[in-house]
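Engineer: What follows is a single structure, and I will ask about it in a moment.
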Amino acid sequence: MFRNLVLFVMLAVFFSLAGCAVAPKPLVGLVPGKEAETLQSPISISIRTPDGSKGGRGYLIFKRPDRFHIAILSPFGLTLMEVFSDGDRLTCLIPSKNIAYSGRIADLPAREGLRTWGLMRWVVEKPPVPGPALKRDHVTADGRRETVFYDNQGVVLRKETEEGDRVSFSDYQVYDGVAFPSVMEISAVSGESVRITFDEPELNKPVEEGALVPNLDGVTVLPFSAFNGF
Amino acid sequence: MKKILILLLITFNVTAAPAQAVPDRKALEGLEVLRRGFAELTDFTAEITQEKHLALMKQKMVSRGMIRFRKPGTFYMELYPPHGSRLLMQDNVLSIRLTDQGTIDRMVLPPEQSLTKWMAFLSRPITTLPEGMGVKGVLQGNSWTVHILPAGTGGVKELQITFDLEGRIKRLAIEERNRDRTVIRFTSMRRNVGLKEKDFRLN
């Protein structure tokens, strides 16, 4: 009898823990139809490539439809790299070298994780409205086929293109009526990946135009073809 | 990253660089106070607050953490969560661990940039200023501020280091050419506390 009771308690504990692990936390305070139009957040970022990994703290500013500015800092606080995206163009500024690489996203070289930045436009693209199904096939703005996976609250868990690029979103929190993930992991089919974690993001607060435009005064601007590593 | 570290090392020990033609007396005096402060210690620990002002933004990022140093050549810096990181420099091997990402970067600096090598210079009094950078010293009350302005077009425009009459660092400000600015404030600095190997662990 005692053994059965112990077994029952252990099973109960096990299943309750397992339940905790898989059941998504209910998102309270969501405002139907409200979406993230702007985002400003301290971040932590790690970039993994077949050659190794790099990372740091930083800051991300985003404005729909597809403009963003990411600053990556060294442990001493100095700015190691800034990435700006506007439409199909991307600029990667390295302040310590007074050099910026700029060009079309399609021309990004497949090294040091640069190509994953090109996926950001796809990552932030508005997904189709969730339906009763938890998985939907969709065609992206640039004509690629993707599959979007939702949870039962309608938030996007991950997106995958038929080429094999993938982004997953986890640990959603509600900010000002909008569900936003605390962690975003982008994996390019090339084997490179970027993981971004957000800390207390500010959603839908005004973003100044100047915050999205690189300051290239006195900076040598080169095409991506001249990039030979950081 | 390497260049930044080297510049910071230069900040703590300008004697390693070639001499400036016309030395600024106050700069020499201030740097000698700082040098003596370092020469007289075997280790130190301090709490830090790092404020990063990005020129393109109104907000500033504030991180808190701590640093530890032990002679001859071990330096450790931890920034607390969120987005914590741990940096460990053992002589000329630099390792950085991002605690919430689980990644570790390692780089090996050339031997001439090793901490042991830099610290060896501390035994010599400063009689000349380094070449290739402007150095200015200002004494106000019980506080020295040494301004270091590297020549050239690198990312750092100016370093300001503020310390007391015993060479205890209170504040380090780094101004970048892109108008970004970082201020690190040092508090609760304790010297010669007997730090052990276990105080310098990445994991």
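Within each chain, counting starts at residue 1; across the structure tokens, chains are named A, B, ... in the order shown, with ligands numbered 1 upward in that order.
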Counting only C-alpha atoms, a student should be able to say which residues of chain B come within 6 Å of chain A; what is the right answer, written as a PDB file with C-alpha atoms, in the first residue's frame?
Structural biologist:
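Listing of iface04.pdb after writing:
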```
ATOM      1  CA  LEU B  56      21.981  57.265 -32.252  1.00  0.00           C
ATOM      2  CA  MET B  57      19.711  56.690 -29.303  1.00  0.00           C
ATOM      3  CA  HIS B  83      22.838  39.564 -20.492  1.00  0.00           C
ATOM      4  CA  GLY B 154      40.745  54.172 -34.731  1.00  0.00           C
ATOM      5  CA  GLY B 155      37.450  53.741 -32.947  1.00  0.00           C
ATOM      6  CA  THR B 182      31.015  54.350 -22.179  1.00  0.00           C
TER       7      THR B 182
END
```
Engineer: Just the residues within 12 Å of Pro65 in chain A, please, counting only C-alpha atoms, with nothing from its chain fewer than 5 positions along; format it as a list in words.
Structural biologist: Glu35, Ala36, Glu37, Thr38, Leu39, Ser85, Asp86, Gly87, Asp88, Met120, Arg121, Trp122, Val123, Val124, Glu125, Lys126 and Ala141 of chain A
Engineer: Residues of chain B classed as helix (DSSP H, G or I) by DSSP on the backbone are to be reported as number ranges by chain.
Structural biologist: B: 2-12, 14-16, 25-39, 111-113, 115-123, 197-199
Engineer: What residues in range 12-166 of chain B get the DSSP label strand (DSSP E or B)? Please answer as a PyMOL selection string.
Structural biologist: chain B and resi 19+43-53+60-70+74-79+85-90+93-98+103-108+130+133-140+143-150+156-164
